[in-house]
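Novice: One file: start21.pdb (PDB, C-alpha atoms and all ligand atoms).
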```pdb
ATOM      1  CA  MET F   1       0.000   0.000   0.000  1.00  0.00           C
ATOM      2  CA  SER F   2       1.271   3.435  -0.836  1.00  0.00           C
ATOM      3  CA  PHE F   3       1.652   6.333   1.567  1.00  0.00           C
ATOM      4  CA  GLN F   4      -1.468   7.809   3.121  1.00  0.00           C
ATOM      5  CA  ALA F   5       0.133  11.037   4.295  1.00  0.00           C
ATOM      6  CA  LEU F   6       2.873  13.454   3.317  1.00  0.00           C
ATOM      7  CA  ILE F   7       4.684  15.119   6.224  1.00  0.00           C
ATOM      8  CA  PHE F   8       6.435  18.320   5.206  1.00  0.00           C
ATOM      9  CA  ASP F   9       9.337  20.114   6.806  1.00  0.00           C
ATOM     10  CA  VAL F  10       8.996  23.924   6.504  1.00  0.00           C
ATOM     11  CA  ASP F  11      12.284  25.856   6.441  1.00  0.00           C
ATOM     12  CA  GLY F  12      14.145  25.128   3.229  1.00  0.00           C
ATOM     13  CA  THR F  13      11.458  22.693   2.045  1.00  0.00           C
ATOM     14  CA  LEU F  14       8.264  24.705   1.594  1.00  0.00           C
ATOM     15  CA  ALA F  15      10.247  27.912   1.009  1.00  0.00           C
ATOM     16  CA  GLU F  16      13.809  29.238   1.120  1.00  0.00           C
ATOM     17  CA  THR F  17      13.230  30.849   4.500  1.00  0.00           C
ATOM     18  CA  GLU F  18      16.621  30.488   6.138  1.00  0.00           C
ATOM     19  CA  ASP F  19      18.112  33.716   4.850  1.00  0.00           C
ATOM     20  CA  THR F  20      15.097  35.591   6.178  1.00  0.00           C
ATOM     21  CA  HIS F  21      15.591  33.874   9.540  1.00  0.00           C
ATOM     22  CA  ARG F  22      19.246  34.970   9.397  1.00  0.00           C
ATOM     23  CA  LYS F  23      18.285  38.601   8.683  1.00  0.00           C
ATOM     24  CA  ALA F  24      15.693  38.530  11.473  1.00  0.00           C
ATOM     25  CA  PHE F  25      18.324  37.251  13.929  1.00  0.00           C
ATOM     26  CA  ASN F  26      20.755  40.004  12.868  1.00  0.00           C
ATOM     27  CA  LYS F  27      18.113  42.748  13.150  1.00  0.00           C
ATOM     28  CA  THR F  28      17.223  41.460  16.627  1.00  0.00           C
ATOM     29  CA  PHE F  29      20.879  41.530  17.666  1.00  0.00           C
ATOM     30  CA  ARG F  30      21.328  45.101  16.360  1.00  0.00           C
ATOM     31  CA  GLU F  31      18.172  46.362  18.059  1.00  0.00           C
ATOM     32  CA  ASN F  32      19.197  44.834  21.376  1.00  0.00           C
ATOM     33  CA  GLY F  33      22.727  46.131  21.657  1.00  0.00           C
ATOM     34  CA  LEU F  34      24.473  42.929  20.584  1.00  0.00           C
ATOM     35  CA  ASP F  35      27.372  43.368  18.171  1.00  0.00           C
ATOM     36  CA  TRP F  36      26.793  39.957  16.593  1.00  0.00           C
ATOM     37  CA  ASN F  37      26.414  39.571  12.845  1.00  0.00           C
ATOM     38  CA  TRP F  38      25.718  36.165  11.335  1.00  0.00           C
ATOM     39  CA  ASP F  39      26.901  36.237   7.723  1.00  0.00           C
ATOM     40  CA  ARG F  40      25.942  33.428   5.337  1.00  0.00           C
ATOM     41  CA  THR F  41      29.126  31.415   5.907  1.00  0.00           C
ATOM     42  CA  LEU F  42      28.716  31.495   9.670  1.00  0.00           C
ATOM     43  CA  TYR F  43      24.960  30.860   9.468  1.00  0.00           C
ATOM     44  CA  LYS F  44      25.542  27.737   7.386  1.00  0.00           C
ATOM     45  CA  LYS F  45      27.701  26.390  10.219  1.00  0.00           C
ATOM     46  CA  LEU F  46      25.199  27.466  12.871  1.00  0.00           C
ATOM     47  CA  LEU F  47      22.396  25.636  11.066  1.00  0.00           C
ATOM     48  CA  ALA F  48      23.945  22.428  12.399  1.00  0.00           C
ATOM     49  CA  VAL F  49      21.946  23.282  15.514  1.00  0.00           C
ATOM     50  CA  THR F  50      18.202  23.476  14.871  1.00  0.00           C
ATOM     51  CA  GLY F  51      15.924  25.827  16.769  1.00  0.00           C
ATOM     52  CA  GLY F  52      16.565  29.549  17.159  1.00  0.00           C
ATOM     53  CA  LYS F  53      17.091  29.557  20.935  1.00  0.00           C
ATOM     54  CA  GLU F  54      19.349  26.505  20.722  1.00  0.00           C
ATOM     55  CA  ARG F  55      21.266  28.158  17.848  1.00  0.00           C
ATOM     56  CA  MET F  56      21.899  31.324  19.876  1.00  0.00           C
ATOM     57  CA  ARG F  57      23.076  29.293  22.877  1.00  0.00           C
ATOM     58  CA  HIS F  58      25.374  27.283  20.605  1.00  0.00           C
ATOM     59  CA  PHE F  59      26.805  30.524  19.168  1.00  0.00           C
ATOM     60  CA  ILE F  60      27.504  31.871  22.661  1.00  0.00           C
ATOM     61  CA  ASP F  61      29.101  28.603  23.767  1.00  0.00           C
ATOM     62  CA  ASP F  62      31.230  27.991  20.676  1.00  0.00           C
ATOM     63  CA  TYR F  63      32.121  31.514  19.510  1.00  0.00           C
ATOM     64  CA  SER F  64      32.282  33.185  22.950  1.00  0.00           C
ATOM     65  CA  PRO F  65      31.118  36.703  22.002  1.00  0.00           C
ATOM     66  CA  ALA F  66      31.953  38.985  24.963  1.00  0.00           C
ATOM     67  CA  THR F  67      28.406  40.329  24.962  1.00  0.00           C
ATOM     68  CA  GLY F  68      26.956  36.831  25.328  1.00  0.00           C
ATOM     69  CA  ARG F  69      28.468  35.656  28.588  1.00  0.00           C
ATOM     70  CA  GLN F  70      25.867  37.214  30.846  1.00  0.00           C
ATOM     71  CA  LEU F  71      22.846  36.014  28.891  1.00  0.00           C
ATOM     72  CA  GLN F  72      20.581  33.630  30.788  1.00  0.00           C
ATOM     73  CA  ALA F  73      17.976  31.283  29.337  1.00  0.00           C
ATOM     74  CA  GLU F  74      15.229  33.889  29.859  1.00  0.00           C
ATOM     75  CA  ASP F  75      17.270  36.541  27.996  1.00  0.00           C
ATOM     76  CA  ILE F  76      17.706  34.180  25.061  1.00  0.00           C
ATOM     77  CA  ALA F  77      13.994  33.355  25.113  1.00  0.00           C
ATOM     78  CA  ALA F  78      13.174  37.102  25.084  1.00  0.00           C
ATOM     79  CA  LEU F  79      15.547  37.739  22.169  1.00  0.00           C
ATOM     80  CA  HIS F  80      14.043  34.801  20.317  1.00  0.00           C
ATOM     81  CA  ALA F  81      10.506  36.122  20.831  1.00  0.00           C
ATOM     82  CA  LYS F  82      11.621  39.440  19.294  1.00  0.00           C
ATOM     83  CA  LYS F  83      13.269  37.607  16.422  1.00  0.00           C
ATOM     84  CA  THR F  84      10.039  35.687  15.808  1.00  0.00           C
ATOM     85  CA  ASN F  85       8.094  38.974  15.609  1.00  0.00           C
ATOM     86  CA  ILE F  86      10.603  40.462  13.168  1.00  0.00           C
ATOM     87  CA  TYR F  87      10.628  37.293  11.034  1.00  0.00           C
ATOM     88  CA  ASN F  88       6.835  37.235  10.930  1.00  0.00           C
ATOM     89  CA  GLU F  89       6.699  40.879   9.821  1.00  0.00           C
ATOM     90  CA  MET F  90       9.155  40.119   7.029  1.00  0.00           C
ATOM     91  CA  VAL F  91       7.233  37.065   5.827  1.00  0.00           C
ATOM     92  CA  ALA F  92       3.836  38.763   6.169  1.00  0.00           C
ATOM     93  CA  SER F  93       5.077  41.646   3.996  1.00  0.00           C
ATOM     94  CA  GLY F  94       4.927  39.133   1.156  1.00  0.00           C
ATOM     95  CA  GLU F  95       8.619  38.731   0.427  1.00  0.00           C
ATOM     96  CA  MET F  96       8.444  34.929   0.569  1.00  0.00           C
ATOM     97  CA  THR F  97       7.387  32.564  -2.195  1.00  0.00           C
ATOM     98  CA  LEU F  98       6.987  28.802  -2.070  1.00  0.00           C
ATOM     99  CA  ARG F  99       9.662  26.689  -3.719  1.00  0.00           C
ATOM    100  CA  PRO F 100       8.818  25.314  -7.193  1.00  0.00           C
ATOM    101  CA  GLY F 101       6.345  22.440  -7.230  1.00  0.00           C
ATOM    102  CA  VAL F 102       5.246  22.769  -3.596  1.00  0.00           C
ATOM    103  CA  ALA F 103       1.763  24.148  -4.307  1.00  0.00           C
ATOM    104  CA  GLU F 104       1.260  21.600  -7.102  1.00  0.00           C
ATOM    105  CA  LEU F 105       2.235  18.607  -4.941  1.00  0.00           C
ATOM    106  CA  LEU F 106      -0.057  19.794  -2.133  1.00  0.00           C
ATOM    107  CA  GLN F 107      -2.870  20.134  -4.655  1.00  0.00           C
ATOM    108  CA  GLN F 108      -2.277  16.647  -6.125  1.00  0.00           C
ATOM    109  CA  ALA F 109      -2.331  15.156  -2.634  1.00  0.00           C
ATOM    110  CA  ARG F 110      -5.582  16.901  -1.771  1.00  0.00           C
ATOM    111  CA  GLU F 111      -7.216  15.698  -4.992  1.00  0.00           C
ATOM    112  CA  VAL F 112      -6.600  12.025  -4.191  1.00  0.00           C
ATOM    113  CA  GLY F 113      -7.092  12.253  -0.421  1.00  0.00           C
ATOM    114  CA  VAL F 114      -3.469  11.873   0.651  1.00  0.00           C
ATOM    115  CA  ARG F 115      -3.366  13.506   4.083  1.00  0.00           C
ATOM    116  CA  LEU F 116      -1.053  16.441   4.815  1.00  0.00           C
ATOM    117  CA  ALA F 117       0.935  17.330   7.914  1.00  0.00           C
ATOM    118  CA  ILE F 118       3.882  19.476   8.980  1.00  0.00           C
ATOM    119  CA  ALA F 119       6.861  18.553  11.149  1.00  0.00           C
ATOM    120  CA  THR F 120       9.209  21.474  11.746  1.00  0.00           C
ATOM    121  CA  THR F 121      11.552  22.792  14.393  1.00  0.00           C
ATOM    122  CA  THR F 122      10.604  26.406  13.761  1.00  0.00           C
ATOM    123  CA  SER F 123       8.015  28.224  15.857  1.00  0.00           C
ATOM    124  CA  GLN F 124       4.315  27.649  15.262  1.00  0.00           C
ATOM    125  CA  ALA F 125       3.691  31.353  14.491  1.00  0.00           C
ATOM    126  CA  ASN F 126       6.230  31.226  11.660  1.00  0.00           C
ATOM    127  CA  VAL F 127       4.426  28.309  10.005  1.00  0.00           C
ATOM    128  CA  THR F 128       1.057  30.042  10.233  1.00  0.00           C
ATOM    129  CA  THR F 129       2.427  33.247   8.701  1.00  0.00           C
ATOM    130  CA  LEU F 130       4.295  31.466   5.919  1.00  0.00           C
ATOM    131  CA  ILE F 131       1.305  29.375   4.856  1.00  0.00           C
ATOM    132  CA  THR F 132      -1.108  32.293   5.118  1.00  0.00           C
ATOM    133  CA  SER F 133       1.084  34.679   3.130  1.00  0.00           C
ATOM    134  CA  THR F 134       1.882  32.183   0.364  1.00  0.00           C
ATOM    135  CA  LEU F 135      -1.203  29.946   0.002  1.00  0.00           C
ATOM    136  CA  GLY F 136      -3.851  31.936   1.872  1.00  0.00           C
ATOM    137  CA  ALA F 137      -5.371  31.424   5.313  1.00  0.00           C
ATOM    138  CA  GLN F 138      -7.699  28.663   4.059  1.00  0.00           C
ATOM    139  CA  ALA F 139      -4.634  26.488   3.376  1.00  0.00           C
ATOM    140  CA  LEU F 140      -3.999  26.140   7.112  1.00  0.00           C
ATOM    141  CA  ASP F 141      -6.922  23.688   7.110  1.00  0.00           C
ATOM    142  CA  TRP F 142      -5.232  21.544   4.460  1.00  0.00           C
ATOM    143  CA  PHE F 143      -2.781  20.355   7.132  1.00  0.00           C
ATOM    144  CA  GLU F 144      -4.393  17.997   9.628  1.00  0.00           C
ATOM    145  CA  THR F 145      -1.523  18.329  12.046  1.00  0.00           C
ATOM    146  CA  ILE F 146       1.101  21.039  12.401  1.00  0.00           C
ATOM    147  CA  GLY F 147       3.963  19.956  14.628  1.00  0.00           C
ATOM    148  CA  ALA F 148       6.316  22.843  15.454  1.00  0.00           C
ATOM    149  CA  GLY F 149       9.264  23.675  17.709  1.00  0.00           C
ATOM    150  CA  GLU F 150       6.995  24.107  20.737  1.00  0.00           C
ATOM    151  CA  HIS F 151       5.783  20.497  20.465  1.00  0.00           C
ATOM    152  CA  ALA F 152       9.055  18.605  20.755  1.00  0.00           C
ATOM    153  CA  LYS F 153      11.413  18.350  23.706  1.00  0.00           C
ATOM    154  CA  HIS F 154      14.335  17.483  21.470  1.00  0.00           C
ATOM    155  CA  LYS F 155      14.530  19.174  18.076  1.00  0.00           C
ATOM    156  CA  LYS F 156      15.769  17.602  14.825  1.00  0.00           C
ATOM    157  CA  PRO F 157      17.867  15.495  14.283  1.00  0.00           C
ATOM    158  CA  ALA F 158      15.948  13.854  17.145  1.00  0.00           C
ATOM    159  CA  PRO F 159      12.805  12.083  15.875  1.00  0.00           C
ATOM    160  CA  ASP F 160      10.493  13.707  18.477  1.00  0.00           C
ATOM    161  CA  ILE F 161       8.536  16.021  16.185  1.00  0.00           C
ATOM    162  CA  TYR F 162       7.925  13.283  13.613  1.00  0.00           C
ATOM    163  CA  LEU F 163       6.791  10.874  16.342  1.00  0.00           C
ATOM    164  CA  TRP F 164       4.479  13.588  17.700  1.00  0.00           C
ATOM    165  CA  VAL F 165       2.947  14.119  14.240  1.00  0.00           C
ATOM    166  CA  LEU F 166       2.553  10.368  13.596  1.00  0.00           C
ATOM    167  CA  ASP F 167       0.782  10.049  16.930  1.00  0.00           C
ATOM    168  CA  LYS F 168      -1.629  12.864  15.988  1.00  0.00           C
ATOM    169  CA  LEU F 169      -2.240  11.343  12.544  1.00  0.00           C
ATOM    170  CA  LYS F 170      -2.686   7.909  14.126  1.00  0.00           C
ATOM    171  CA  LEU F 171      -0.660   6.419  11.293  1.00  0.00           C
ATOM    172  CA  PRO F 172       2.397   4.158  11.382  1.00  0.00           C
ATOM    173  CA  ALA F 173       5.616   5.560   9.908  1.00  0.00           C
ATOM    174  CA  ALA F 174       5.367   2.958   7.124  1.00  0.00           C
ATOM    175  CA  ALA F 175       2.224   4.728   5.842  1.00  0.00           C
ATOM    176  CA  CYS F 176       3.834   8.162   5.468  1.00  0.00           C
ATOM    177  CA  LEU F 177       6.445   9.941   3.380  1.00  0.00           C
ATOM    178  CA  ALA F 178       8.501  12.795   4.864  1.00  0.00           C
ATOM    179  CA  VAL F 179       9.662  15.702   2.698  1.00  0.00           C
ATOM    180  CA  GLU F 180      12.866  17.366   3.889  1.00  0.00           C
ATOM    181  CA  ASP F 181      15.722  19.606   2.734  1.00  0.00           C
ATOM    182  CA  SER F 182      18.470  18.953   5.279  1.00  0.00           C
ATOM    183  CA  ALA F 183      20.623  16.178   6.702  1.00  0.00           C
ATOM    184  CA  ASN F 184      19.301  16.991  10.183  1.00  0.00           C
ATOM    185  CA  GLY F 185      15.758  16.653   8.880  1.00  0.00           C
ATOM    186  CA  LEU F 186      16.570  13.391   7.114  1.00  0.00           C
ATOM    187  CA  ARG F 187      18.099  11.981  10.292  1.00  0.00           C
ATOM    188  CA  ALA F 188      15.016  12.973  12.294  1.00  0.00           C
ATOM    189  CA  ALA F 189      12.612  11.438   9.790  1.00  0.00           C
ATOM    190  CA  MET F 190      14.633   8.244   9.463  1.00  0.00           C
ATOM    191  CA  ALA F 191      14.945   7.887  13.225  1.00  0.00           C
ATOM    192  CA  ALA F 192      11.136   7.986  13.311  1.00  0.00           C
ATOM    193  CA  GLY F 193      11.074   5.214  10.683  1.00  0.00           C
ATOM    194  CA  LEU F 194       9.974   7.386   7.757  1.00  0.00           C
ATOM    195  CA  ALA F 195      10.967   7.096   4.128  1.00  0.00           C
ATOM    196  CA  THR F 196      12.105  10.543   3.018  1.00  0.00           C
ATOM    197  CA  LEU F 197      12.037  12.618  -0.140  1.00  0.00           C
ATOM    198  CA  ILE F 198      14.801  15.231  -0.223  1.00  0.00           C
ATOM    199  CA  THR F 199      14.787  18.599  -1.978  1.00  0.00           C
ATOM    200  CA  PRO F 200      18.094  20.242  -1.026  1.00  0.00           C
ATOM    201  CA  SER F 201      17.921  23.980  -0.306  1.00  0.00           C
ATOM    202  CA  VAL F 202      20.452  26.784  -0.712  1.00  0.00           C
ATOM    203  CA  TYR F 203      22.009  26.120   2.684  1.00  0.00           C
ATOM    204  CA  THR F 204      21.997  22.296   2.445  1.00  0.00           C
ATOM    205  CA  ASP F 205      22.867  21.431  -1.152  1.00  0.00           C
ATOM    206  CA  ASP F 206      26.250  19.914  -0.220  1.00  0.00           C
ATOM    207  CA  GLU F 207      24.921  17.642   2.543  1.00  0.00           C
ATOM    208  CA  ASP F 208      24.829  13.837   2.418  1.00  0.00           C
ATOM    209  CA  PHE F 209      21.409  12.502   1.452  1.00  0.00           C
ATOM    210  CA  SER F 210      22.452   8.988   0.411  1.00  0.00           C
ATOM    211  CA  GLN F 211      19.975   7.458   2.900  1.00  0.00           C
ATOM    212  CA  ALA F 212      16.972   9.205   1.365  1.00  0.00           C
ATOM    213  CA  LEU F 213      14.332   7.290  -0.563  1.00  0.00           C
ATOM    214  CA  LEU F 214      14.631   9.840  -3.337  1.00  0.00           C
ATOM    215  CA  GLN F 215      16.326  13.171  -4.027  1.00  0.00           C
ATOM    216  CA  VAL F 216      15.072  15.796  -6.479  1.00  0.00           C
ATOM    217  CA  PRO F 217      16.364  19.321  -7.146  1.00  0.00           C
ATOM    218  CA  ASP F 218      12.936  20.720  -6.227  1.00  0.00           C
ATOM    219  CA  LEU F 219       9.375  19.420  -6.005  1.00  0.00           C
ATOM    220  CA  SER F 220       8.530  20.353  -9.598  1.00  0.00           C
ATOM    221  CA  HIS F 221      10.492  17.146 -10.318  1.00  0.00           C
ATOM    222  CA  ALA F 222       8.217  15.038  -8.100  1.00  0.00           C
ATOM    223  CA  ASP F 223       4.618  14.262  -9.021  1.00  0.00           C
ATOM    224  CA  LEU F 224       2.481  12.286  -6.623  1.00  0.00           C
ATOM    225  CA  LYS F 225       2.047   9.207  -8.837  1.00  0.00           C
ATOM    226  CA  SER F 226       5.788   8.727  -9.373  1.00  0.00           C
ATOM    227  CA  LEU F 227       6.393   9.208  -5.658  1.00  0.00           C
ATOM    228  CA  GLN F 228       3.872   6.492  -4.877  1.00  0.00           C
ATOM    229  CA  ILE F 229       5.559   4.115  -7.313  1.00  0.00           C
ATOM    230  CA  GLU F 230       8.995   4.762  -5.752  1.00  0.00           C
ATOM    231  CA  PHE F 231       7.552   4.408  -2.255  1.00  0.00           C
ATOM    232  CA  ASP F 232       5.818   1.106  -3.101  1.00  0.00           C
ATOM    233  CA  ALA F 233       8.954  -0.285  -4.724  1.00  0.00           C
ATOM    234  CA  ALA F 234      10.947   0.403  -1.533  1.00  0.00           C
ATOM    235  CA  SER F 235       8.400  -0.886   0.963  1.00  0.00           C
TER     236      SER F 235
HETATM  237  C1  LIG T   1      14.574  25.062  10.840  1.00  0.00           C
HETATM  238  C2  LIG T   1      15.275  25.571  12.013  1.00  0.00           C
HETATM  239  C3  LIG T   1      14.747  26.755  12.658  1.00  0.00           C
HETATM  240  C4  LIG T   1      14.879  28.033  11.867  1.00  0.00           C
HETATM  241  C5  LIG T   1      14.606  29.221  12.741  1.00  0.00           C
HETATM  242  O1  LIG T   1      14.729  23.655  10.777  1.00  0.00           O
HETATM  243  O2  LIG T   1      16.257  25.025  12.449  1.00  0.00           O
HETATM  244  O3  LIG T   1      15.422  26.922  13.873  1.00  0.00           O
HETATM  245  O4  LIG T   1      16.201  28.163  11.378  1.00  0.00           O
HETATM  246  O5  LIG T   1      13.358  29.133  13.367  1.00  0.00           O
HETATM  247  P1  LIG T   1      13.637  22.764  10.003  1.00  0.00           P
HETATM  248  P2  LIG T   1      13.175  29.437  14.937  1.00  0.00           P
HETATM  249  O6  LIG T   1      13.753  23.103   8.563  1.00  0.00           O
HETATM  250  O7  LIG T   1      14.049  21.358  10.279  1.00  0.00           O
HETATM  251  O8  LIG T   1      12.291  23.074  10.589  1.00  0.00           O
HETATM  252  O9  LIG T   1      13.984  30.643  15.249  1.00  0.00           O
HETATM  253  O10 LIG T   1      11.684  29.656  15.103  1.00  0.00           O
HETATM  254  O11 LIG T   1      13.671  28.218  15.671  1.00  0.00           O
HETATM  255 MG    MG T   2      14.416  22.316   6.749  1.00  0.00          MG
END
```
Show this structure as structure tokens.
Specialist:
Amino acid sequence: MSFQALIFDVDGTLAETEDTHRKAFNKTFRENGLDWNWDRTLYKKLLAVTGGKERMRHFIDDYSPATGRQLQAEDIAALHAKKTNIYNEMVASGEMTLRPGVAELLQQAREVGVRLAIATTTSQANVTTLITSTLGAQALDWFETIGAGEHAKHKKPAPDIYLWVLDKLKLPAAACLAVEDSANGLRAAMAAGLATLITPSVYTDDEDFSQALLQVPDLSHADLKSLQIEFDAAS
């Protein structure tokens, strides 16, 4: 039997959001008296740690900025809340578009009754704003379950968010296909027992995806019928 649900990652998979996250972090730092600037090269390294709060803590621990030593968990949480507001303003202003083929694959799934869900490490508010500003508010109802950073104790590459979503869907991993853009995402999905379709993004295109069920440059190269054939052949 083929998959009954598609579980989508968000950042890098639905849209190339990471550079907007990066700019939102930098604006937050500037507005809060922190002389930190995450350029693209540094941000690529920092993406090894998923979750904005975890990423800031990792930066403080590994790069020891003088202005970071005093920051407590509540300071980082407050900075992250500001960053989330800034990011949401940027996305809501309409600067984001979906990656090629995303809207079409969602539509094909809806036409044949393949269920849709989201498993991301980003904040819930960011998912709502991205979907609303790209597909319209009605599209929020297309996703039966939206699992976000708030819902998992351990973020990707831990499997927690995928296990949380599978529990909500009441489906076994063998009945679902994950769609991811990163090695951390692939590890999380695989640790939850999910076959995974990879669409590498600008920040992840040199990562190792040899364990994926399938890799395509973007989702315009993946129609639902072919995915079902590949999935069936592997199961
Ligand atoms: C995305 C992330 C997130 C974003 C920033 O990973 O790691 O942390 O970079 O969002 P995935 P927050 O694609 O696996 O969801 O600041 O809200 O964490
Ligand atoms: Mg991603």
Novice: Given the file shown, determine the residues that the PyMOL selection byres (((not hetatm)) within 7 of (chain T and resi 1)) selects; report them as a count of residues only.
Specialist: 24
Novice: Taking into account only C-alpha atoms, which residue in the set F:Ala92, F:Thr204, F:Asp232, F:Phe8 is nearest to F:Ile118?
Specialist: F:Phe8
Novice: Within 12 Å of stretch 69-76 of chain F, counting only C-alpha atoms, which residues show up once you throw out same-chain ones fewer than 5 positions away? Write them as a PyMOL selection string, please.
Specialist: chain F and resi 25+28-29+32+34+51-64+81-83
Novice: Pick out the closest residue to F:Val112 from this set: F:Leu224, F:Ala152, F:Ile131, F:Leu42. Count all atoms listed in the file.
Specialist: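 Ranking F:Leu224, F:Ala152, F:Ile131, F:Leu42 by distance to F:Val112, first place goes to F:Leu224.
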Novice: Need the neighbours of (-5.1, 18.4, 0.4): which residues are at most 10 Å away, counting all atoms listed in the file, as a PDB file with C-alpha atoms, in the coordinates of the input?
Specialist:
```
ATOM      1  CA  ALA F   5       0.133  11.037   4.295  1.00  0.00           C
ATOM      2  CA  LEU F   6       2.873  13.454   3.317  1.00  0.00           C
ATOM      3  CA  LEU F 105       2.235  18.607  -4.941  1.00  0.00           C
ATOM      4  CA  LEU F 106      -0.057  19.794  -2.133  1.00  0.00           C
ATOM      5  CA  GLN F 107      -2.870  20.134  -4.655  1.00  0.00           C
ATOM      6  CA  GLN F 108      -2.277  16.647  -6.125  1.00  0.00           C
ATOM      7  CA  ALA F 109      -2.331  15.156  -2.634  1.00  0.00           C
ATOM      8  CA  ARG F 110      -5.582  16.901  -1.771  1.00  0.00           C
ATOM      9  CA  GLU F 111      -7.216  15.698  -4.992  1.00  0.00           C
ATOM     10  CA  VAL F 112      -6.600  12.025  -4.191  1.00  0.00           C
ATOM     11  CA  GLY F 113      -7.092  12.253  -0.421  1.00  0.00           C
ATOM     12  CA  VAL F 114      -3.469  11.873   0.651  1.00  0.00           C
ATOM     13  CA  ARG F 115      -3.366  13.506   4.083  1.00  0.00           C
ATOM     14  CA  LEU F 116      -1.053  16.441   4.815  1.00  0.00           C
ATOM     15  CA  ALA F 117       0.935  17.330   7.914  1.00  0.00           C
ATOM     16  CA  ALA F 139      -4.634  26.488   3.376  1.00  0.00           C
ATOM     17  CA  ASP F 141      -6.922  23.688   7.110  1.00  0.00           C
ATOM     18  CA  TRP F 142      -5.232  21.544   4.460  1.00  0.00           C
ATOM     19  CA  PHE F 143      -2.781  20.355   7.132  1.00  0.00           C
ATOM     20  CA  GLU F 144      -4.393  17.997   9.628  1.00  0.00           C
TER      21      GLU F 144
END
```
Novice: Hey, can you check how far atom CA of F:Gly147 sits from atom CA of F:Val165?
Specialist: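 Computing it gives 5.9 Å between the two atoms.
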Novice: Once the PyMOL selection byres (((chain F and resi 190) around 10) and not hetatm) is applied to the coordinates I shared, what remains selected? I want it as a PyMOL selection string.
Specialist: chain F and resi 157-159+162+173+178+184-189+191-196+211-212
Novice: Select, from F:Trp38, F:Gly101, F:Ala148, F:Ala183, the residue with the minimum atom-to-atom distance to F:Val216, counting all atoms listed in the file.
Specialist: F:Gly101
Novice: Tell me, in Å to one decimal, how far atom CA of F:Thr199 is from atom CA of F:Leu171.
Specialist: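 For atom CA of F:Thr199 relative to atom CA of F:Leu171, the distance reads 23.7 Å.
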Novice: Which residue gives the smallest distance to ligand MG 2 (chain T) among F:Glu16, F:Trp164, F:Ala222, F:Pro65, with all atoms listed in the file counted?
Specialist: F:Glu16
Novice: For each of F:Asp19, F:Gln4, F:Asp181, F:Lys27, take the minimum atom-to-atom distance to ligand MG 2 (chain T), counting all atoms listed in the file, then give the residue where this is smallest.
Specialist: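 Nearest candidate to ligand MG 2 (chain T) out of F:Asp19, F:Gln4, F:Asp181, F:Lys27: F:Asp181.
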Novice: To one decimal place in Å, what is the distance between atom CA of F:Ala119 and atom CA of F:Thr145?
Specialist: 8.4 Å
Novice: With only C-alpha atoms and all ligand atoms as the atoms that count, which of F:Met96, F:Ala175, F:Ala15, F:Ile229 lies nearest to ligand MG 2 (chain T)?
Specialist: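 Nearest candidate to ligand MG 2 (chain T) out of F:Met96, F:Ala175, F:Ala15, F:Ile229: F:Ala15.
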Novice: What does the PyMOL selection byres (((chain F and resi 217) around 9) and not hetatm) select in this file, as a PDB file with C-alpha atoms, in the frame of the given file?
Specialist:
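As a result, part-v7.pdb now contains:
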```pdb
ATOM      1  CA  ILE F 198      14.801  15.231  -0.223  1.00  0.00           C
ATOM      2  CA  THR F 199      14.787  18.599  -1.978  1.00  0.00           C
ATOM      3  CA  PRO F 200      18.094  20.242  -1.026  1.00  0.00           C
ATOM      4  CA  SER F 201      17.921  23.980  -0.306  1.00  0.00           C
ATOM      5  CA  GLN F 215      16.326  13.171  -4.027  1.00  0.00           C
ATOM      6  CA  VAL F 216      15.072  15.796  -6.479  1.00  0.00           C
ATOM      7  CA  ASP F 218      12.936  20.720  -6.227  1.00  0.00           C
ATOM      8  CA  LEU F 219       9.375  19.420  -6.005  1.00  0.00           C
ATOM      9  CA  SER F 220       8.530  20.353  -9.598  1.00  0.00           C
ATOM     10  CA  HIS F 221      10.492  17.146 -10.318  1.00  0.00           C
TER      11      HIS F 221
END
```
Novice: Would you pick out the contacts of F:Gln228 at 10 Å or less, using all atoms listed in the file, so that residues sharing its chain but fewer than 4 positions from it are not included, and give the list as an MDAnalysis selection string?
Specialist: chainID F and resid 1:4 177 223:224 232:234
